[in-house]
Amino acid sequence: MKKIILTGDRPTGQLHIGHFCGALKNRISLQDKYQTYIMIADVQALTDNFNNPQKVRKNVFEVIMDNLAVGIDPNKSTIFIQSLISEIAELTVFFSNLVTINRLKRNPTVKDEIQQKKELFKDDVTFGFLGYPVSQAADILAFQADLVPVGDDQLPMIEQTREIARKFNKIYGETFKLPEAKIGDFPRVLGMDGRKMGKSLNNSITFTDSPEMIKEKIKGALSDKIGGKNLLLLFEQFSDDKKLFEKFKKQYDSNVIKYSEFKPILAEAIIKKLKPIKEKREYYEKNLKSVEKILFDGTKKAQIIAKQTLAKVKEKMFLNYF
Ligand code: TRP
């Protein structure tokens, strides 16, 4: 039996080269060894986009096409939509008894995000947003995942998931294995403005950007000490020419790098690496029916697994009436 991986993307914007250097490359290599589930977390995306459902809807397809374009193989990985697995919502309700409000408020990721979303939440926060770690635990436990590949910002979520699983097992009897986080050792790529590269921060390079756009973005990218280091990191990730990388690195280290020379070369390296990805994505854009089919099949498969888990849970909770 292959071990199980579950991971999720919030459909709030197109994926970008930051995801490519980190999560996506990792995902592609893992799909050969593990039974992989990739969840498009539309329900979670709504927790802070409840007032913009069209945005979430549109990005469900964008994120799926991004995954397929970079090499997620639907014959190896199961791609599905969270909201179509109603068992996840049911599990969330049962798990919500196992978590206190104070514990949720102490979750460092949630705490940070509430701070960042002051405009949306004002001085308070919604029940749904505060509780999304419970829903994420349901995502993970519904599939009895062994491993959850995530960025380090998601570690508190996996910790909460483990707590919930432990508590459930203690009260209702051994049911869940405890999932482990799998943190990639990849470098974190920054955005063109030196901030974290974000889906909705307007500072990223996406898989649909034209060569001209990529050149423009790199040209305009911050090239102070931190920005320059980031561009060098991008070159290391996107170019196969190690010698050239070493040359620019030396120049950077001794403060003589000429960005007017380096930037166009970096842009070309990115354009070259992204070319087959862009082409594959264009294929899917023209063949939306095939994307729908992949999703439909994936969702069917995911439903079967989640149903089995829910049946087990209900039995343990004496909710198996008929
Ligand atoms: N919270 C994750 C993020 O923001 C997305 C996500 C939703 C997820 N459900 C998940 C990740 C389950 C791993 C497992 O990136």
# chains A, B, ... in the order shown; residues from 1 in each chain; ligands from 1
call {"tool": "residues_around", "arguments": {"residues": "Gly8 in chain A", "least_positions_apart": "5", "cutoff": "10 Å", "atoms": "only C-alpha atoms", "output": "list in words"}}
result
Tyr37, Ile38, Met39, Ile40, Ala41, Asp42, Gln44, Ile79, Phe80, Ile81, Gln82, Gln136, Asp139, Ile140, Val148, Pro149 and Val150 of chain A
call {"tool": "select_by_dssp", "arguments": {"residues": "range 46-279 of chain A", "states": "strand (DSSP E or B)", "output": "list in words"}}
result
Ser77, Thr78, Ile79, Phe80, Ile81, Leu147, Val148, Pro149, Val150, Glu180, Ala181, Lys182, Ile183, Leu190, Lys196 and Thr206 of chain A
call {"tool": "closest_residue", "arguments": {"among": "A:Tyr34, A:Phe248, A:Phe129, A:Tyr283", "to": "ligand 1", "atoms": "only C-alpha atoms and all ligand atoms"}}
result
A:Phe129
call {"tool": "select_by_dssp", "arguments": {"residues": "range 39-138 of chain A", "states": "helix (DSSP H, G or I)", "output": "PyMOL selection string"}}
result
chain A and resi 42-47+53-70+82-84+86-98+101-106+108-116+118-121+127-130+132-138
call {"tool": "residues_around", "arguments": {"residues": "range 60-68 of chain A", "least_positions_apart": "5", "cutoff": "9 Å", "atoms": "only C-alpha atoms", "output": "ChimeraX atom specification"}}
result
/A:9-16,24,40-42,55,73-74,79,81,207,277,280-282,284-285,288,291-292,295
call {"tool": "write_last_selection", "arguments": {"atoms": "N, CA and C atoms", "output": "PDB file, in the first residue's frame"}}
result
ATOM      1  N   ASP A   9      -4.615  23.764  -2.321  1.00  0.00           N
ATOM      2  CA  ASP A   9      -4.364  25.128  -2.783  1.00  0.00           C
ATOM      3  C   ASP A   9      -5.649  25.924  -2.605  1.00  0.00           C
ATOM      4  N   ARG A  10      -5.514  27.111  -2.040  1.00  0.00           N
ATOM      5  CA  ARG A  10      -6.671  28.014  -2.000  1.00  0.00           C
ATOM      6  C   ARG A  10      -6.831  28.671  -3.363  1.00  0.00           C
ATOM      7  N   PRO A  11      -7.963  28.565  -3.986  1.00  0.00           N
ATOM      8  CA  PRO A  11      -8.132  29.194  -5.308  1.00  0.00           C
ATOM      9  C   PRO A  11      -8.432  30.683  -5.194  1.00  0.00           C
ATOM     10  N   THR A  12      -7.399  31.464  -4.892  1.00  0.00           N
ATOM     11  CA  THR A  12      -7.592  32.905  -4.766  1.00  0.00           C
ATOM     12  C   THR A  12      -6.778  33.678  -5.794  1.00  0.00           C
ATOM     13  N   GLY A  13      -6.063  32.966  -6.637  1.00  0.00           N
ATOM     14  CA  GLY A  13      -5.281  33.624  -7.681  1.00  0.00           C
ATOM     15  C   GLY A  13      -4.475  32.566  -8.407  1.00  0.00           C
ATOM     16  N   GLN A  14      -3.907  32.948  -9.543  1.00  0.00           N
ATOM     17  CA  GLN A  14      -3.082  31.987 -10.288  1.00  0.00           C
ATOM     18  C   GLN A  14      -1.847  31.614  -9.473  1.00  0.00           C
ATOM     19  N   LEU A  15      -1.359  30.417  -9.664  1.00  0.00           N
ATOM     20  CA  LEU A  15      -0.091  30.044  -9.053  1.00  0.00           C
ATOM     21  C   LEU A  15       1.033  30.754  -9.815  1.00  0.00           C
ATOM     22  N   HIS A  16       2.201  30.812  -9.198  1.00  0.00           N
ATOM     23  CA  HIS A  16       3.280  31.589  -9.804  1.00  0.00           C
ATOM     24  C   HIS A  16       4.627  30.891  -9.631  1.00  0.00           C
ATOM     25  N   LEU A  24       5.365  23.134  -6.021  1.00  0.00           N
ATOM     26  CA  LEU A  24       4.951  22.357  -7.191  1.00  0.00           C
ATOM     27  C   LEU A  24       6.001  21.342  -7.631  1.00  0.00           C
ATOM     28  N   ILE A  40      -8.558  21.390  -4.191  1.00  0.00           N
ATOM     29  CA  ILE A  40      -8.752  22.810  -4.479  1.00  0.00           C
ATOM     30  C   ILE A  40      -9.685  23.330  -3.392  1.00  0.00           C
ATOM     31  N   ALA A  41      -9.098  24.097  -2.478  1.00  0.00           N
ATOM     32  CA  ALA A  41      -9.789  24.445  -1.229  1.00  0.00           C
ATOM     33  C   ALA A  41     -10.708  25.650  -1.411  1.00  0.00           C
ATOM     34  N   ASP A  42     -11.796  25.439  -2.145  1.00  0.00           N
ATOM     35  CA  ASP A  42     -12.709  26.572  -2.401  1.00  0.00           C
ATOM     36  C   ASP A  42     -13.453  27.000  -1.140  1.00  0.00           C
ATOM     37  N   LYS A  55     -14.673  35.365  -7.727  1.00  0.00           N
ATOM     38  CA  LYS A  55     -13.213  35.278  -7.744  1.00  0.00           C
ATOM     39  C   LYS A  55     -12.780  33.847  -7.431  1.00  0.00           C
ATOM     40  N   ASP A  73       0.141  14.835 -12.897  1.00  0.00           N
ATOM     41  CA  ASP A  73      -0.417  13.853 -13.821  1.00  0.00           C
ATOM     42  C   ASP A  73      -1.703  13.290 -13.217  1.00  0.00           C
ATOM     43  N   PRO A  74      -2.827  13.543 -13.872  1.00  0.00           N
ATOM     44  CA  PRO A  74      -4.113  13.103 -13.287  1.00  0.00           C
ATOM     45  C   PRO A  74      -4.221  11.584 -13.171  1.00  0.00           C
ATOM     46  N   ILE A  79      -7.147  15.017  -8.301  1.00  0.00           N
ATOM     47  CA  ILE A  79      -7.445  16.440  -8.090  1.00  0.00           C
ATOM     48  C   ILE A  79      -8.948  16.574  -7.849  1.00  0.00           C
ATOM     49  N   ILE A  81     -12.395  19.033  -5.836  1.00  0.00           N
ATOM     50  CA  ILE A  81     -12.872  20.294  -5.276  1.00  0.00           C
ATOM     51  C   ILE A  81     -13.452  20.056  -3.881  1.00  0.00           C
ATOM     52  N   PHE A 207       2.317  31.627 -14.893  1.00  0.00           N
ATOM     53  CA  PHE A 207       2.575  30.738 -16.027  1.00  0.00           C
ATOM     54  C   PHE A 207       1.894  31.222 -17.306  1.00  0.00           C
ATOM     55  N   ILE A 277       5.617  24.859 -20.055  1.00  0.00           N
ATOM     56  CA  ILE A 277       4.521  24.953 -19.074  1.00  0.00           C
ATOM     57  C   ILE A 277       3.402  25.824 -19.638  1.00  0.00           C
ATOM     58  N   LYS A 280       1.567  23.938 -22.351  1.00  0.00           N
ATOM     59  CA  LYS A 280       0.669  22.922 -21.822  1.00  0.00           C
ATOM     60  C   LYS A 280      -0.585  23.578 -21.237  1.00  0.00           C
ATOM     61  N   ARG A 281      -0.361  24.736 -20.605  1.00  0.00           N
ATOM     62  CA  ARG A 281      -1.497  25.437 -20.019  1.00  0.00           C
ATOM     63  C   ARG A 281      -2.443  25.933 -21.121  1.00  0.00           C
ATOM     64  N   GLU A 282      -1.858  26.403 -22.208  1.00  0.00           N
ATOM     65  CA  GLU A 282      -2.690  26.878 -23.323  1.00  0.00           C
ATOM     66  C   GLU A 282      -3.527  25.726 -23.905  1.00  0.00           C
ATOM     67  N   TYR A 284      -4.735  23.243 -22.179  1.00  0.00           N
ATOM     68  CA  TYR A 284      -5.879  23.041 -21.276  1.00  0.00           C
ATOM     69  C   TYR A 284      -6.892  24.179 -21.373  1.00  0.00           C
ATOM     70  N   GLU A 285      -6.376  25.411 -21.568  1.00  0.00           N
ATOM     71  CA  GLU A 285      -7.295  26.545 -21.707  1.00  0.00           C
ATOM     72  C   GLU A 285      -8.220  26.341 -22.904  1.00  0.00           C
ATOM     73  N   LEU A 288     -11.106  23.060 -22.093  1.00  0.00           N
ATOM     74  CA  LEU A 288     -11.662  23.107 -20.736  1.00  0.00           C
ATOM     75  C   LEU A 288     -12.458  21.853 -20.386  1.00  0.00           C
ATOM     76  N   VAL A 291     -10.330  19.451 -18.696  1.00  0.00           N
ATOM     77  CA  VAL A 291     -10.077  19.840 -17.298  1.00  0.00           C
ATOM     78  C   VAL A 291     -11.277  19.429 -16.436  1.00  0.00           C
ATOM     79  N   GLU A 292     -12.468  19.701 -16.960  1.00  0.00           N
ATOM     80  CA  GLU A 292     -13.681  19.315 -16.226  1.00  0.00           C
ATOM     81  C   GLU A 292     -13.729  17.815 -15.983  1.00  0.00           C
ATOM     82  N   LEU A 295     -11.361  16.810 -13.239  1.00  0.00           N
ATOM     83  CA  LEU A 295     -11.930  17.216 -11.953  1.00  0.00           C
ATOM     84  C   LEU A 295     -13.078  16.316 -11.535  1.00  0.00           C
TER      85      LEU A 295
END
call {"tool": "residues_around", "arguments": {"residues": "Phe322 in chain A", "least_positions_apart": "6", "cutoff": "12 Å", "atoms": "only C-alpha atoms", "output": "list in words"}}
result
Ala311, Lys314 and Glu315 of chain A
call {"tool": "write_last_selection", "arguments": {"atoms": "all heavy atoms", "output": "tab-separated table (two decimals), in the first residue's frame"}}
result
chain	number	residue	atom	x	y	z
A	311	ALA	N	-18.19	7.23	7.50
A	311	ALA	CA	-18.95	6.08	8.03
A	311	ALA	C	-18.27	5.55	9.30
A	311	ALA	O	-18.92	5.26	10.31
A	311	ALA	CB	-19.05	4.99	6.96
A	314	LYS	N	-18.84	8.05	12.14
A	314	LYS	CA	-20.20	8.02	12.68
A	314	LYS	C	-20.41	6.78	13.54
A	314	LYS	O	-21.11	6.84	14.56
A	314	LYS	CB	-21.21	8.07	11.54
A	314	LYS	CG	-21.36	9.46	10.95
A	314	LYS	CD	-22.54	9.51	10.01
A	314	LYS	CE	-23.01	10.93	9.78
A	314	LYS	NZ	-24.15	10.98	8.86
A	315	GLU	N	-19.80	5.69	13.12
A	315	GLU	CA	-19.91	4.47	13.92
A	315	GLU	C	-19.29	4.69	15.30
A	315	GLU	O	-19.90	4.38	16.32
A	315	GLU	CB	-19.20	3.36	13.16
A	315	GLU	CG	-19.48	1.96	13.68
A	315	GLU	CD	-18.58	0.95	12.97
A	315	GLU	OE1	-18.52	0.97	11.72
A	315	GLU	OE2	-17.92	0.18	13.69
call {"tool": "atom_distance", "arguments": {"atom1": "CA of Ile304 in chain A", "atom2": "CA of Lys33 in chain A"}}
result
21.5 Å
call {"tool": "residues_around", "arguments": {"residues": "range 316-321 of chain A", "least_positions_apart": "2", "cutoff": "7 Å", "atoms": "only C-alpha atoms", "output": "list in words"}}
result
Tyr172, Gly173, Lys312, Val313 and Lys314 of chain A
call {"tool": "write_last_selection", "arguments": {"atoms": "N, CA, C and O atoms", "output": "PDB file, in the first residue's frame"}}
result
ATOM      1  N   TYR A 172     -13.348   8.684  21.308  1.00  0.00           N
ATOM      2  CA  TYR A 172     -14.241   7.787  20.557  1.00  0.00           C
ATOM      3  C   TYR A 172     -13.594   6.454  20.172  1.00  0.00           C
ATOM      4  O   TYR A 172     -14.246   5.603  19.599  1.00  0.00           O
ATOM      5  N   GLY A 173     -12.308   6.340  20.460  1.00  0.00           N
ATOM      6  CA  GLY A 173     -11.610   5.101  20.097  1.00  0.00           C
ATOM      7  C   GLY A 173     -10.722   5.304  18.890  1.00  0.00           C
ATOM      8  O   GLY A 173     -10.973   6.187  18.047  1.00  0.00           O
ATOM      9  N   LYS A 312     -16.958   5.478   9.224  1.00  0.00           N
ATOM     10  CA  LYS A 312     -16.180   5.011  10.379  1.00  0.00           C
ATOM     11  C   LYS A 312     -16.359   5.961  11.573  1.00  0.00           C
ATOM     12  O   LYS A 312     -16.582   5.529  12.710  1.00  0.00           O
ATOM     13  N   VAL A 313     -16.294   7.238  11.286  1.00  0.00           N
ATOM     14  CA  VAL A 313     -16.436   8.256  12.337  1.00  0.00           C
ATOM     15  C   VAL A 313     -17.817   8.175  12.984  1.00  0.00           C
ATOM     16  O   VAL A 313     -17.964   8.206  14.206  1.00  0.00           O
ATOM     17  N   LYS A 314     -18.839   8.050  12.142  1.00  0.00           N
ATOM     18  CA  LYS A 314     -20.200   8.020  12.681  1.00  0.00           C
ATOM     19  C   LYS A 314     -20.414   6.781  13.543  1.00  0.00           C
ATOM     20  O   LYS A 314     -21.110   6.839  14.564  1.00  0.00           O
TER      21      LYS A 314
END
call {"tool": "decode", "arguments": {"residues": "range 134-145 of chain A", "atoms": "all heavy atoms", "output": "PDB file, in the first residue's frame"}}
result
ATOM      1  N   VAL A 134      -9.950  23.907  11.802  1.00  0.00           N
ATOM      2  CA  VAL A 134     -10.750  22.703  12.069  1.00  0.00           C
ATOM      3  C   VAL A 134     -11.172  22.073  10.748  1.00  0.00           C
ATOM      4  O   VAL A 134     -11.119  20.850  10.562  1.00  0.00           O
ATOM      5  CB  VAL A 134     -12.012  23.052  12.911  1.00  0.00           C
ATOM      6  CG1 VAL A 134     -12.778  21.787  13.261  1.00  0.00           C
ATOM      7  CG2 VAL A 134     -11.623  23.827  14.160  1.00  0.00           C
ATOM      8  N   SER A 135     -11.549  22.937   9.829  1.00  0.00           N
ATOM      9  CA  SER A 135     -11.936  22.460   8.506  1.00  0.00           C
ATOM     10  C   SER A 135     -10.733  21.861   7.777  1.00  0.00           C
ATOM     11  O   SER A 135     -10.835  20.843   7.077  1.00  0.00           O
ATOM     12  CB  SER A 135     -12.559  23.643   7.759  1.00  0.00           C
ATOM     13  OG  SER A 135     -12.524  23.455   6.402  1.00  0.00           O
ATOM     14  N   GLN A 136      -9.568  22.460   7.984  1.00  0.00           N
ATOM     15  CA  GLN A 136      -8.364  21.911   7.351  1.00  0.00           C
ATOM     16  C   GLN A 136      -7.995  20.548   7.956  1.00  0.00           C
ATOM     17  O   GLN A 136      -7.514  19.659   7.256  1.00  0.00           O
ATOM     18  CB  GLN A 136      -7.201  22.901   7.463  1.00  0.00           C
ATOM     19  CG  GLN A 136      -5.990  22.454   6.659  1.00  0.00           C
ATOM     20  CD  GLN A 136      -5.063  23.592   6.282  1.00  0.00           C
ATOM     21  OE1 GLN A 136      -5.477  24.741   6.138  1.00  0.00           O
ATOM     22  NE2 GLN A 136      -3.793  23.294   6.112  1.00  0.00           N
ATOM     23  N   ALA A 137      -8.252  20.403   9.233  1.00  0.00           N
ATOM     24  CA  ALA A 137      -8.039  19.085   9.869  1.00  0.00           C
ATOM     25  C   ALA A 137      -8.959  18.058   9.222  1.00  0.00           C
ATOM     26  O   ALA A 137      -8.555  16.917   8.956  1.00  0.00           O
ATOM     27  CB  ALA A 137      -8.294  19.181  11.363  1.00  0.00           C
ATOM     28  N   ALA A 138     -10.186  18.486   8.942  1.00  0.00           N
ATOM     29  CA  ALA A 138     -11.137  17.577   8.286  1.00  0.00           C
ATOM     30  C   ALA A 138     -10.659  17.214   6.883  1.00  0.00           C
ATOM     31  O   ALA A 138     -10.762  16.061   6.456  1.00  0.00           O
ATOM     32  CB  ALA A 138     -12.525  18.215   8.249  1.00  0.00           C
ATOM     33  N   ASP A 139     -10.091  18.182   6.162  1.00  0.00           N
ATOM     34  CA  ASP A 139      -9.537  17.895   4.825  1.00  0.00           C
ATOM     35  C   ASP A 139      -8.529  16.754   4.931  1.00  0.00           C
ATOM     36  O   ASP A 139      -8.537  15.808   4.135  1.00  0.00           O
ATOM     37  CB  ASP A 139      -8.738  19.088   4.256  1.00  0.00           C
ATOM     38  CG  ASP A 139      -9.536  20.369   4.111  1.00  0.00           C
ATOM     39  OD1 ASP A 139     -10.774  20.282   4.025  1.00  0.00           O
ATOM     40  OD2 ASP A 139      -8.912  21.446   4.082  1.00  0.00           O
ATOM     41  N   ILE A 140      -7.652  16.918   5.883  1.00  0.00           N
ATOM     42  CA  ILE A 140      -6.510  15.998   5.989  1.00  0.00           C
ATOM     43  C   ILE A 140      -6.948  14.630   6.510  1.00  0.00           C
ATOM     44  O   ILE A 140      -6.574  13.591   5.965  1.00  0.00           O
ATOM     45  CB  ILE A 140      -5.426  16.612   6.907  1.00  0.00           C
ATOM     46  CG1 ILE A 140      -4.874  17.895   6.270  1.00  0.00           C
ATOM     47  CG2 ILE A 140      -4.310  15.609   7.193  1.00  0.00           C
ATOM     48  CD1 ILE A 140      -4.039  18.756   7.206  1.00  0.00           C
ATOM     49  N   LEU A 141      -7.786  14.646   7.539  1.00  0.00           N
ATOM     50  CA  LEU A 141      -8.168  13.376   8.179  1.00  0.00           C
ATOM     51  C   LEU A 141      -9.193  12.607   7.345  1.00  0.00           C
ATOM     52  O   LEU A 141      -9.247  11.385   7.409  1.00  0.00           O
ATOM     53  CB  LEU A 141      -8.680  13.640   9.596  1.00  0.00           C
ATOM     54  CG  LEU A 141      -7.612  14.225  10.550  1.00  0.00           C
ATOM     55  CD1 LEU A 141      -8.223  14.565  11.908  1.00  0.00           C
ATOM     56  CD2 LEU A 141      -6.425  13.283  10.720  1.00  0.00           C
ATOM     57  N   ALA A 142      -9.979  13.315   6.551  1.00  0.00           N
ATOM     58  CA  ALA A 142     -10.949  12.627   5.684  1.00  0.00           C
ATOM     59  C   ALA A 142     -10.229  11.647   4.760  1.00  0.00           C
ATOM     60  O   ALA A 142     -10.776  10.620   4.372  1.00  0.00           O
ATOM     61  CB  ALA A 142     -11.739  13.637   4.856  1.00  0.00           C
ATOM     62  N   PHE A 143      -8.985  11.982   4.406  1.00  0.00           N
ATOM     63  CA  PHE A 143      -8.236  11.133   3.483  1.00  0.00           C
ATOM     64  C   PHE A 143      -7.175  10.300   4.195  1.00  0.00           C
ATOM     65  O   PHE A 143      -6.375   9.637   3.555  1.00  0.00           O
ATOM     66  CB  PHE A 143      -7.632  11.992   2.357  1.00  0.00           C
ATOM     67  CG  PHE A 143      -8.724  12.578   1.530  1.00  0.00           C
ATOM     68  CD1 PHE A 143      -9.283  13.795   1.857  1.00  0.00           C
ATOM     69  CD2 PHE A 143      -9.277  11.840   0.492  1.00  0.00           C
ATOM     70  CE1 PHE A 143     -10.359  14.294   1.141  1.00  0.00           C
ATOM     71  CE2 PHE A 143     -10.346  12.336  -0.229  1.00  0.00           C
ATOM     72  CZ  PHE A 143     -10.892  13.563   0.099  1.00  0.00           C
ATOM     73  N   GLN A 144      -7.185  10.364   5.512  1.00  0.00           N
ATOM     74  CA  GLN A 144      -6.227   9.589   6.322  1.00  0.00           C
ATOM     75  C   GLN A 144      -4.819   9.787   5.796  1.00  0.00           C
ATOM     76  O   GLN A 144      -4.049   8.810   5.673  1.00  0.00           O
ATOM     77  CB  GLN A 144      -6.600   8.099   6.278  1.00  0.00           C
ATOM     78  CG  GLN A 144      -8.076   7.865   6.444  1.00  0.00           C
ATOM     79  CD  GLN A 144      -8.429   7.261   7.799  1.00  0.00           C
ATOM     80  OE1 GLN A 144      -7.594   7.068   8.661  1.00  0.00           O
ATOM     81  NE2 GLN A 144      -9.698   6.968   7.983  1.00  0.00           N
ATOM     82  N   ALA A 145      -4.504  11.047   5.523  1.00  0.00           N
ATOM     83  CA  ALA A 145      -3.190  11.338   4.942  1.00  0.00           C
ATOM     84  C   ALA A 145      -2.059  10.998   5.911  1.00  0.00           C
ATOM     85  O   ALA A 145      -2.174  11.229   7.113  1.00  0.00           O
ATOM     86  CB  ALA A 145      -3.113  12.816   4.552  1.00  0.00           C
TER      87      ALA A 145
END
